[in-house]
>>> print(open('coords.csv').read())   # CSV, C-alpha atoms (C1' of nucleotides)
chain,number,residue,atom,x,y,z
A,1,MET,CA,26.8,14.5,-15.2
A,2,SER,CA,24.4,17.4,-15.5
A,3,ARG,CA,23.1,19.4,-12.6
A,4,PRO,CA,19.4,18.6,-12.5
A,5,PRO,CA,17.1,21.5,-11.8
A,6,LYS,CA,16.2,22.0,-8.2
A,7,ALA,CA,12.5,22.0,-8.9
A,8,ARG,CA,12.8,18.5,-10.5
A,9,ASN,CA,14.3,17.0,-7.4
A,10,LYS,CA,11.8,18.7,-5.1
A,11,ALA,CA,8.9,17.3,-7.1
A,12,LEU,CA,10.4,13.8,-7.2
A,13,LEU,CA,11.0,13.8,-3.4
A,14,ALA,CA,7.5,15.2,-2.8
A,15,TYR,CA,6.0,12.4,-5.0
A,16,CYS,CA,7.8,9.7,-3.0
A,17,GLU,CA,6.9,11.2,0.4
A,18,LEU,CA,3.3,11.5,-0.6
A,19,LEU,CA,3.1,7.9,-1.7
A,20,ARG,CA,4.4,7.0,1.7
A,21,SER,CA,2.2,9.2,3.9
A,22,ASP,CA,-1.0,9.5,1.9
A,23,GLY,CA,-1.0,6.6,-0.6
A,24,GLU,CA,-1.3,6.4,-4.3
A,25,ARG,CA,-4.8,7.8,-4.6
A,26,ALA,CA,-3.9,11.0,-2.8
A,27,THR,CA,-0.7,11.4,-4.7
A,28,THR,CA,-2.0,13.5,-7.5
A,29,ILE,CA,0.0,15.9,-9.6
A,30,ASP,CA,-1.7,18.8,-7.8
A,31,ALA,CA,-0.7,17.4,-4.4
A,32,VAL,CA,2.9,16.9,-5.6
A,33,ALA,CA,3.1,20.4,-6.8
A,34,ALA,CA,1.6,21.8,-3.6
A,35,ARG,CA,4.1,19.8,-1.4
A,36,ALA,CA,7.1,20.7,-3.6
A,37,ASP,CA,5.9,24.3,-3.5
A,38,ILE,CA,5.9,24.7,-7.3
A,39,SER,CA,3.0,24.8,-9.8
A,40,LYS,CA,1.4,21.9,-11.5
A,41,GLY,CA,2.7,23.1,-14.9
A,42,GLY,CA,6.2,23.1,-13.3
A,43,VAL,CA,5.9,19.5,-12.4
A,44,LEU,CA,4.6,18.5,-15.8
A,45,TYR,CA,7.5,20.3,-17.5
A,46,HIS,CA,10.0,18.0,-15.8
A,47,PHE,CA,7.8,14.9,-15.8
A,48,PRO,CA,5.6,15.0,-18.9
A,49,SER,CA,3.3,12.3,-17.5
A,50,LYS,CA,2.5,10.8,-14.2
A,51,GLU,CA,4.2,7.6,-15.2
A,52,ALA,CA,7.4,9.6,-15.8
A,53,LEU,CA,7.4,10.5,-12.1
A,54,ALA,CA,7.2,6.8,-11.3
A,55,GLU,CA,10.0,6.0,-13.7
A,56,ALA,CA,12.2,8.7,-12.2
A,57,ALA,CA,11.4,7.2,-8.7
A,58,LEU,CA,12.4,3.8,-10.0
A,59,GLU,CA,15.7,5.1,-11.3
A,60,TRP,CA,16.4,6.8,-8.1
A,61,PHE,CA,15.6,3.6,-6.2
A,62,ARG,CA,18.0,1.6,-8.3
A,63,GLU,CA,20.8,4.0,-7.7
A,64,GLU,CA,20.2,4.0,-3.9
A,65,CYS,CA,20.0,0.2,-4.0
A,66,GLU,CA,23.3,-0.2,-5.8
A,67,HIS,CA,24.9,2.1,-3.3
A,68,ASP,CA,23.3,0.2,-0.4
A,69,LEU,CA,24.4,-3.2,-1.7
A,70,VAL,CA,28.0,-2.0,-1.7
A,71,THR,CA,27.7,-0.5,1.8
A,72,MET,CA,26.0,-3.7,3.0
A,73,ALA,CA,28.8,-5.9,1.7
A,74,GLU,CA,31.4,-3.8,3.3
A,75,ALA,CA,29.6,-3.2,6.6
A,76,PRO,CA,31.9,-4.0,9.6
A,77,GLU,CA,28.9,-5.2,11.6
A,78,GLY,CA,28.1,-7.7,8.8
A,79,PRO,CA,25.2,-7.7,6.2
A,80,SER,CA,22.5,-9.0,8.6
A,81,ARG,CA,22.9,-6.3,11.2
A,82,HIS,CA,23.3,-3.7,8.6
A,83,TYR,CA,20.1,-4.8,6.9
A,84,VAL,CA,18.0,-4.9,10.0
A,85,ARG,CA,19.4,-1.7,11.4
A,86,THR,CA,18.8,0.3,8.2
A,87,SER,CA,15.2,-1.1,8.0
A,88,TRP,CA,14.4,1.4,10.7
A,89,THR,CA,16.0,4.6,9.6
A,90,GLY,CA,12.7,6.2,8.5
A,91,GLY,CA,14.2,9.0,6.5
A,92,SER,CA,17.2,7.9,4.5
A,93,GLU,CA,17.0,8.3,0.7
A,94,LEU,CA,16.9,4.5,0.2
A,95,ASP,CA,14.1,4.3,2.7
A,96,THR,CA,12.1,7.0,1.0
A,97,ALA,CA,12.5,5.5,-2.5
A,98,TYR,CA,11.9,1.9,-1.2
A,99,VAL,CA,8.6,2.7,0.4
A,100,ALA,CA,7.6,4.5,-2.8
A,101,MET,CA,8.4,1.3,-4.8
A,102,LEU,CA,6.4,-0.8,-2.3
A,103,ARG,CA,3.4,1.4,-2.9
A,104,LEU,CA,3.8,1.3,-6.7
A,105,ALA,CA,4.3,-2.5,-6.6
A,106,GLN,CA,1.1,-2.8,-4.5
A,107,SER,CA,-0.7,-1.1,-7.2
A,108,SER,CA,0.6,-3.7,-9.6
A,109,TRP,CA,3.1,-1.5,-11.5
A,110,GLN,CA,5.3,-4.2,-13.0
A,111,PRO,CA,8.6,-2.3,-13.2
A,112,ALA,CA,8.3,-1.7,-9.4
A,113,ILE,CA,7.6,-5.4,-8.8
A,114,ASP,CA,10.6,-6.4,-10.9
A,115,ALA,CA,12.9,-4.0,-9.1
A,116,LEU,CA,11.8,-5.1,-5.7
A,117,GLU,CA,12.2,-8.8,-6.5
A,118,TRP,CA,15.7,-8.1,-7.7
A,119,VAL,CA,16.8,-6.2,-4.6
A,120,HIS,CA,15.1,-8.6,-2.2
A,121,ALA,CA,17.0,-11.5,-3.8
A,122,ALA,CA,20.2,-9.5,-3.6
A,123,TRP,CA,19.6,-8.6,0.1
A,124,LEU,CA,18.8,-12.2,1.0
A,125,ASP,CA,22.0,-13.4,-0.9
A,126,GLN,CA,24.2,-11.2,1.2
A,127,ILE,CA,22.5,-12.3,4.4
A,128,ARG,CA,23.0,-15.9,3.4
A,129,SER,CA,26.7,-15.3,2.7
A,130,GLU,CA,27.0,-14.5,6.4
A,131,VAL,CA,24.5,-16.9,7.8
A,132,ASP,CA,25.0,-20.6,7.1
A,133,ASP,CA,21.5,-21.7,7.9
A,134,LYS,CA,19.2,-20.9,5.0
A,135,PHE,CA,16.1,-20.4,7.1
A,136,ALA,CA,17.8,-18.4,9.8
A,137,ALA,CA,18.8,-16.0,7.0
A,138,GLU,CA,15.2,-15.8,5.8
A,139,ALA,CA,14.0,-15.1,9.3
A,140,ILE,CA,16.5,-12.3,9.6
A,141,MET,CA,15.4,-10.8,6.4
A,142,LEU,CA,11.7,-11.0,7.5
A,143,ILE,CA,12.5,-9.2,10.7
A,144,GLY,CA,13.8,-6.4,8.5
A,145,GLU,CA,10.8,-6.5,6.3
A,146,GLY,CA,8.5,-6.4,9.3
A,147,LEU,CA,10.3,-3.3,10.6
A,148,TYR,CA,9.9,-1.6,7.2
A,149,ALA,CA,6.2,-2.4,7.2
A,150,HIS,CA,5.8,-0.9,10.6
A,151,SER,CA,8.1,2.1,10.0
A,152,SER,CA,5.8,3.2,7.1
A,153,MET,CA,2.6,2.6,9.0
A,154,PRO,CA,0.7,5.7,10.0
A,155,GLY,CA,-0.1,6.0,13.7
A,156,GLU,CA,2.0,6.0,16.8
A,157,TRP,CA,1.9,2.4,18.0
A,158,SER,CA,4.5,1.1,15.6
A,159,ARG,CA,7.0,3.9,16.4
A,160,GLY,CA,6.4,3.7,20.1
A,161,THR,CA,6.9,0.0,20.2
A,162,PHE,CA,9.9,-0.7,17.9
A,163,ALA,CA,11.8,2.6,17.8
A,164,ARG,CA,13.7,2.0,21.0
A,165,SER,CA,14.0,-1.8,20.5
A,166,ILE,CA,16.5,-1.7,17.6
A,167,ASP,CA,19.6,-2.5,19.5
A,168,GLN,CA,17.9,-5.4,21.3
A,169,LEU,CA,16.4,-6.7,18.0
A,170,LEU,CA,19.9,-6.7,16.6
A,171,GLU,CA,20.8,-9.0,19.5
A,172,GLN,CA,18.0,-11.3,18.4
A,173,VAL,CA,19.5,-11.3,14.9
A,174,ASP,CA,22.8,-12.3,16.4
A,175,ARG,CA,21.1,-15.3,18.1
A,176,LEU,CA,19.6,-16.4,14.8
A,177,LYS,CA,23.0,-16.1,13.1
A,178,ASP,CA,24.7,-18.9,15.0
B,179,MET,CA,-29.1,-12.7,12.7
B,180,SER,CA,-30.3,-11.7,9.3
B,181,ARG,CA,-29.3,-13.4,6.1
B,182,PRO,CA,-27.4,-10.7,4.2
B,183,PRO,CA,-28.0,-10.6,0.5
B,184,LYS,CA,-25.5,-12.6,-1.6
B,185,ALA,CA,-24.7,-9.6,-3.8
B,186,ARG,CA,-23.6,-7.6,-0.8
B,187,ASN,CA,-21.1,-10.2,0.3
B,188,LYS,CA,-19.8,-10.6,-3.2
B,189,ALA,CA,-19.3,-6.9,-3.5
B,190,LEU,CA,-17.5,-6.7,-0.1
B,191,LEU,CA,-15.2,-9.6,-1.0
B,192,ALA,CA,-14.4,-8.1,-4.4
B,193,TYR,CA,-13.6,-4.8,-2.8
B,194,CYS,CA,-11.1,-6.4,-0.4
B,195,GLU,CA,-9.5,-8.6,-3.0
B,196,LEU,CA,-9.1,-5.6,-5.4
B,197,LEU,CA,-7.5,-3.6,-2.7
B,198,ARG,CA,-5.0,-6.4,-2.3
B,199,SER,CA,-4.3,-7.1,-5.9
B,200,ASP,CA,-4.6,-3.8,-7.6
B,201,GLY,CA,-4.4,-1.1,-4.9
B,202,GLU,CA,-6.6,1.7,-3.7
B,203,ARG,CA,-6.5,3.7,-6.9
B,204,ALA,CA,-7.8,0.9,-9.1
B,205,THR,CA,-10.4,-0.1,-6.5
B,206,THR,CA,-13.2,1.9,-8.0
B,207,ILE,CA,-16.9,1.1,-7.7
B,208,ASP,CA,-16.9,0.2,-11.3
B,209,ALA,CA,-14.1,-2.3,-10.7
B,210,VAL,CA,-15.8,-3.8,-7.6
B,211,ALA,CA,-19.0,-4.2,-9.6
B,212,ALA,CA,-17.2,-5.9,-12.5
B,213,ARG,CA,-15.3,-8.3,-10.2
B,214,ALA,CA,-18.4,-9.2,-8.2
B,215,ASP,CA,-20.3,-9.6,-11.5
B,216,ILE,CA,-23.1,-7.2,-10.5
B,217,SER,CA,-23.9,-3.7,-11.7
B,218,LYS,CA,-22.6,-0.4,-10.3
B,219,GLY,CA,-26.1,0.4,-9.2
B,220,GLY,CA,-26.3,-2.9,-7.3
B,221,VAL,CA,-23.1,-2.1,-5.4
B,222,LEU,CA,-24.4,1.4,-4.5
B,223,TYR,CA,-27.7,-0.1,-3.3
B,224,HIS,CA,-25.9,-2.1,-0.6
B,225,PHE,CA,-23.2,0.4,0.1
B,226,PRO,CA,-24.6,3.9,-0.3
B,227,SER,CA,-21.1,5.4,-0.5
B,228,LYS,CA,-17.6,4.2,-1.1
B,229,GLU,CA,-16.7,4.8,2.5
B,230,ALA,CA,-19.6,2.5,3.5
B,231,LEU,CA,-17.6,-0.2,1.7
B,232,ALA,CA,-14.5,0.6,3.8
B,233,GLU,CA,-16.6,0.6,7.0
B,234,ALA,CA,-18.1,-2.8,6.1
B,235,ALA,CA,-14.6,-4.1,5.5
B,236,LEU,CA,-13.6,-2.7,8.9
B,237,GLU,CA,-16.4,-4.5,10.7
B,238,TRP,CA,-15.7,-7.7,8.9
B,239,PHE,CA,-12.0,-7.3,9.9
B,240,ARG,CA,-12.9,-6.8,13.6
B,241,GLU,CA,-15.0,-9.9,13.6
B,242,GLU,CA,-12.3,-12.0,12.1
B,243,CYS,CA,-9.8,-10.5,14.5
B,244,GLU,CA,-11.8,-11.4,17.6
B,245,HIS,CA,-12.2,-14.9,16.3
B,246,ASP,CA,-8.5,-15.2,15.6
B,247,LEU,CA,-7.5,-13.8,19.0
B,248,VAL,CA,-9.5,-16.6,20.7
B,249,THR,CA,-8.0,-19.3,18.4
B,250,MET,CA,-4.5,-17.9,19.0
B,251,ALA,CA,-5.0,-18.0,22.8
B,252,GLU,CA,-6.1,-21.6,22.6
B,253,ALA,CA,-3.7,-22.8,20.0
B,254,PRO,CA,-2.0,-26.0,21.1
B,255,GLU,CA,1.2,-25.0,19.3
B,256,GLY,CA,1.2,-21.7,21.3
B,257,PRO,CA,0.5,-18.1,20.2
B,258,SER,CA,3.9,-17.5,18.5
B,259,ARG,CA,3.7,-20.4,16.1
B,260,HIS,CA,0.1,-19.8,15.5
B,261,TYR,CA,0.8,-16.2,14.6
B,262,VAL,CA,3.7,-16.8,12.3
B,263,ARG,CA,2.0,-19.8,10.6
B,264,THR,CA,-1.2,-18.0,9.9
B,265,SER,CA,0.8,-15.0,8.5
B,266,TRP,CA,1.3,-17.1,5.4
B,267,THR,CA,-2.1,-18.5,4.7
B,268,GLY,CA,-2.8,-16.1,1.8
B,269,GLY,CA,-6.5,-16.7,1.4
B,270,SER,CA,-8.2,-17.0,4.8
B,271,GLU,CA,-10.9,-14.5,5.6
B,272,LEU,CA,-8.8,-12.8,8.2
B,273,ASP,CA,-6.0,-12.5,5.7
B,274,THR,CA,-8.2,-10.9,3.1
B,275,ALA,CA,-9.6,-8.4,5.5
B,276,TYR,CA,-6.3,-7.7,7.1
B,277,VAL,CA,-4.5,-6.8,3.8
B,278,ALA,CA,-7.5,-4.6,2.9
B,279,MET,CA,-7.1,-2.8,6.3
B,280,LEU,CA,-3.3,-2.4,5.6
B,281,ARG,CA,-4.1,-0.7,2.3
B,282,LEU,CA,-6.7,1.6,3.8
B,283,ALA,CA,-4.3,2.5,6.6
B,284,GLN,CA,-1.6,3.2,4.1
B,285,SER,CA,-4.0,5.7,2.5
B,286,SER,CA,-4.3,7.4,5.9
B,287,TRP,CA,-7.8,6.2,6.7
B,288,GLN,CA,-7.8,6.7,10.5
B,289,PRO,CA,-10.4,4.0,11.4
B,290,ALA,CA,-8.1,1.4,9.7
B,291,ILE,CA,-5.1,2.8,11.5
B,292,ASP,CA,-6.8,2.5,14.9
B,293,ALA,CA,-8.0,-1.0,14.2
B,294,LEU,CA,-4.6,-2.2,13.2
B,295,GLU,CA,-2.9,-0.6,16.2
B,296,TRP,CA,-5.4,-2.4,18.4
B,297,VAL,CA,-4.9,-5.8,16.9
B,298,HIS,CA,-1.1,-5.4,16.6
B,299,ALA,CA,-1.0,-4.7,20.3
B,300,ALA,CA,-3.2,-7.6,21.1
B,301,TRP,CA,-1.1,-10.0,19.0
B,302,LEU,CA,2.1,-8.8,20.6
B,303,ASP,CA,0.5,-9.2,24.0
B,304,GLN,CA,-0.3,-12.8,23.4
B,305,ILE,CA,3.2,-13.6,22.0
B,306,ARG,CA,4.7,-11.9,25.1
B,307,SER,CA,2.6,-14.1,27.4
B,308,GLU,CA,4.4,-17.0,25.9
B,309,VAL,CA,7.9,-15.5,25.4
B,310,ASP,CA,9.6,-14.1,28.4
B,311,ASP,CA,12.1,-12.0,26.6
B,312,LYS,CA,10.4,-8.8,25.4
B,313,PHE,CA,12.6,-8.4,22.4
B,314,ALA,CA,12.4,-12.0,21.3
B,315,ALA,CA,8.7,-11.6,21.3
B,316,GLU,CA,9.0,-8.5,19.1
B,317,ALA,CA,11.3,-10.3,16.7
B,318,ILE,CA,8.8,-13.1,16.4
B,319,MET,CA,6.0,-10.6,15.6
B,320,LEU,CA,8.2,-8.9,13.0
B,321,ILE,CA,8.8,-12.3,11.3
B,322,GLY,CA,5.1,-12.6,10.9
B,323,GLU,CA,4.7,-9.1,9.7
B,324,GLY,CA,7.4,-9.7,7.1
B,325,LEU,CA,5.6,-12.8,5.9
B,326,TYR,CA,2.4,-10.8,5.6
B,327,ALA,CA,4.2,-8.1,3.6
B,328,HIS,CA,5.6,-10.7,1.2
B,329,SER,CA,2.5,-12.7,0.9
B,330,SER,CA,0.6,-9.7,-0.4
B,331,MET,CA,3.4,-8.7,-2.7
B,332,PRO,CA,2.7,-9.2,-6.4
B,333,GLY,CA,5.2,-11.2,-8.3
B,334,GLU,CA,6.5,-14.7,-7.9
B,335,TRP,CA,9.8,-14.2,-6.0
B,336,SER,CA,8.2,-13.9,-2.5
B,337,ARG,CA,6.0,-16.9,-3.0
B,338,GLY,CA,8.8,-19.0,-4.4
B,339,THR,CA,11.1,-18.1,-1.6
B,340,PHE,CA,9.0,-18.3,1.5
B,341,ALA,CA,6.1,-20.6,0.6
B,342,ARG,CA,8.0,-23.8,1.4
B,343,SER,CA,10.0,-22.4,4.3
B,344,ILE,CA,7.2,-22.0,6.7
B,345,ASP,CA,8.0,-25.1,8.8
B,346,GLN,CA,11.6,-24.2,9.1
B,347,LEU,CA,10.8,-20.6,9.9
B,348,LEU,CA,8.7,-21.9,12.8
B,349,GLU,CA,11.8,-23.7,14.0
B,350,GLN,CA,13.6,-20.3,14.0
B,351,VAL,CA,10.7,-19.0,16.0
B,352,ASP,CA,11.2,-21.8,18.5
B,353,ARG,CA,14.9,-20.8,18.8
B,354,LEU,CA,13.9,-17.2,19.6
B,355,LYS,CA,11.4,-18.4,22.2
B,356,ASP,CA,13.9,-19.8,24.6
C,357,DG,C1',11.8,26.9,-16.8
C,358,DT,C1',7.8,28.1,-14.7
C,359,DC,C1',3.4,29.8,-14.9
C,360,DT,C1',-2.0,30.1,-15.9
C,361,DA,C1',-5.7,28.7,-18.4
C,362,DT,C1',-8.3,25.0,-20.7
C,363,DA,C1',-9.8,20.4,-22.7
C,364,DT,C1',-10.9,15.5,-22.0
C,365,DG,C1',-11.9,11.5,-19.5
C,366,DC,C1',-12.9,9.1,-15.4
C,367,DT,C1',-15.1,8.5,-10.6
C,368,DG,C1',-18.5,8.8,-7.2
C,369,DA,C1',-23.1,9.4,-6.6
C,370,DT,C1',-28.3,10.3,-7.8
C,371,DA,C1',-32.8,9.3,-10.2
C,372,DG,C1',-35.9,6.5,-11.6
C,373,DA,C1',-37.4,2.2,-14.5
C,374,DC,C1',-38.2,-2.7,-13.8
D,375,DG,C1',-33.0,-5.6,-5.1
D,376,DT,C1',-31.0,-4.8,-9.2
D,377,DC,C1',-30.7,-2.3,-13.2
D,378,DT,C1',-29.6,1.8,-16.8
D,379,DA,C1',-29.1,6.4,-17.5
D,380,DT,C1',-27.1,10.7,-16.2
D,381,DC,C1',-24.8,14.5,-13.6
D,382,DA,C1',-21.2,17.1,-11.1
D,383,DG,C1',-16.5,17.2,-9.7
D,384,DC,C1',-11.8,15.9,-10.0
D,385,DA,C1',-7.3,14.3,-12.2
D,386,DT,C1',-4.4,14.1,-16.1
D,387,DA,C1',-2.5,16.3,-19.7
D,388,DT,C1',-2.1,20.2,-23.3
D,389,DA,C1',-1.5,25.0,-25.1
D,390,DG,C1',0.5,28.9,-24.9
D,391,DA,C1',1.9,33.4,-22.1
D,392,DC,C1',5.8,35.2,-19.6
>>> encode(input="coords.csv", output="structure tokens")
Amino acid sequence: MSRPPKARNKALLAYCELLRSDGERATTIDAVAARADISKGGVLYHFPSKEALAEAALEWFREECEHDLVTMAEAPEGPSRHYVRTSWTGGSELDTAYVAMLRLAQSSWQPAIDALEWVHAAWLDQIRSEVDDKFAAEAIMLIGEGLYAHSSMPGEWSRGTFARSIDQLLEQVDRLKD
Amino acid sequence: MSRPPKARNKALLAYCELLRSDGERATTIDAVAARADISKGGVLYHFPSKEALAEAALEWFREECEHDLVTMAEAPEGPSRHYVRTSWTGGSELDTAYVAMLRLAQSSWQPAIDALEWVHAAWLDQIRSEVDDKFAAEAIMLIGEGLYAHSSMPGEWSRGTFARSIDQLLEQVDRLKD
DNA sequence: GTCTATATGCTGATAGAC
DNA sequence: GTCTATCAGCATATAGAC
């Protein structure tokens, strides 16, 4: 396992964060370079094209997913609570990569669409392994998805409304589980 | 009440649909003109700038929201069920305008952020008027938001998974209401 | 490995014919 | 009201210095 250059990681992280905060259109190579505090040429050395940035984000996302799926399966609180709770971390590496994938999928980038379908199916499978009722499991998953949507929404309302509700929302999840 | 030119409406609808299906970056004036089957000059006659298109979408969204808030308040099934059920229509006018606003908010367009915060607060208020438990109300709203997120997701998994679950998801909503 | 130019193509917007 | 040119600016990508 090689030690990837620091500038490469900084650029990749800046790319994902920009997708989240400013959207695909504003996520130019110039903006990535500025946010990562390196030059445009430096970015294009590590990622020879813009699509190479997306592909690197995809690979990072897949690694974070595989790690998360293990954690989720082993979580003492159970997969449902783990899933919903981590839908509102707003800063974990999985979270950053996931929102970047959402943005890329929304711009119809097929590899992102495929990766998201795969992990959505895997997440729902794990919830269903804990929750007998098929539709209760789907409802739990949707609560998590709703939290994701709001956690990546600009503006203060979402944060102000849901940030301090997480523990009580987990109790609602418990009610659905039975 | 004037009769707006047909081309104007076609362009506005094409703009919103493109935002949903292809994302902000691909939603160029050229693409809008092609989808609406008019010329670029024709689009720019009705909307002198690209932001004018966004502003028209915003106005349309507000009108649809005000209509929906009345319908929601009067819905015989109650606001919660109405809200969750209409989160998966995938083709209503509110739906089209709402997803366009989500995309514009995700690209940090402040008027879209403000409009979404306003309507989210209004929707949650109505759900809370029906559901005593504050957090049950939030959970219900999040189920609807999750459905929205999945209904505007490209790819088949979301549609295949949730499309035929709506009735049973509404039963989960009923469970949370009590 | 990182930088500063520079080339090429696309996007938003204008002018003016019909 | 709608069209066809056309321009100016920006984004991606390349070349080559250090």
>>> residues_near_point(input="coords.csv", point="(-7.1, -0.1, 14.5)", cutoff="12 Å", atoms="only C-alpha atoms (C1' of nucleotides)", output="PyMOL selection string")
(chain A and resi 153-158) or (chain B and resi 236-237+239-240+243+276+279-280+282-283+286-300)
>>> closest_atom_pairs(input="coords.csv", of="segment 201-317 of chain B", to="chain C", cutoff="12 Å", atoms="all atoms listed in the file", output="CSV")
residue,atom,partner,partner_atom,distance
B:Arg203,CA,C:DT367,C1',10.5
B:Ala204,CA,C:DT367,C1',10.6
B:Thr205,CA,C:DT367,C1',10.6
B:Thr206,CA,C:DT367,C1',7.3
B:Ile207,CA,C:DG368,C1',7.9
B:Asp208,CA,C:DT367,C1',8.5
B:Ala209,CA,C:DT367,C1',10.8
B:Lys218,CA,C:DA369,C1',10.5
B:Gly219,CA,C:DA369,C1',9.8
B:Val221,CA,C:DA369,C1',11.6
B:Leu222,CA,C:DA369,C1',8.4
B:Tyr223,CA,C:DA369,C1',11.1
B:Phe225,CA,C:DA369,C1',11.2
B:Pro226,CA,C:DA369,C1',8.5
B:Ser227,CA,C:DA369,C1',7.6
B:Lys228,CA,C:DG368,C1',7.7
B:Glu229,CA,C:DG368,C1',10.6
>>> atom_distance(input="coords.csv", atom1="atom CA of Tyr148 of chain A", atom2="atom CA of His260 of chain B")
22.3 Å
>>> residues_around(input="coords.csv", residues="Ile305 of chain B", least_positions_apart="5", cutoff="8 Å", atoms="all atoms listed in the file", output="PDB file with C-alpha atoms, in the frame of the given file")
ATOM      1  CA  PRO B 257       0.500 -18.100  20.200  1.00  0.00           C
ATOM      2  CA  SER B 258       3.900 -17.500  18.500  1.00  0.00           C
ATOM      3  CA  ALA B 315       8.700 -11.600  21.300  1.00  0.00           C
ATOM      4  CA  ILE B 318       8.800 -13.100  16.400  1.00  0.00           C
ATOM      5  CA  MET B 319       6.000 -10.600  15.600  1.00  0.00           C
TER       6      MET B 319
END
>>> interface_residues(input="coords.csv", of="chain D", to="chain A", cutoff="9 Å", atoms="only C-alpha atoms (C1' of nucleotides)", output="PyMOL selection string")
chain D and resi 385-387
>>> atom_distance(input="coords.csv", atom1="atom CA of Ser343 of chain B", atom2="atom CA of Arg263 of chain B")
10.5 Å
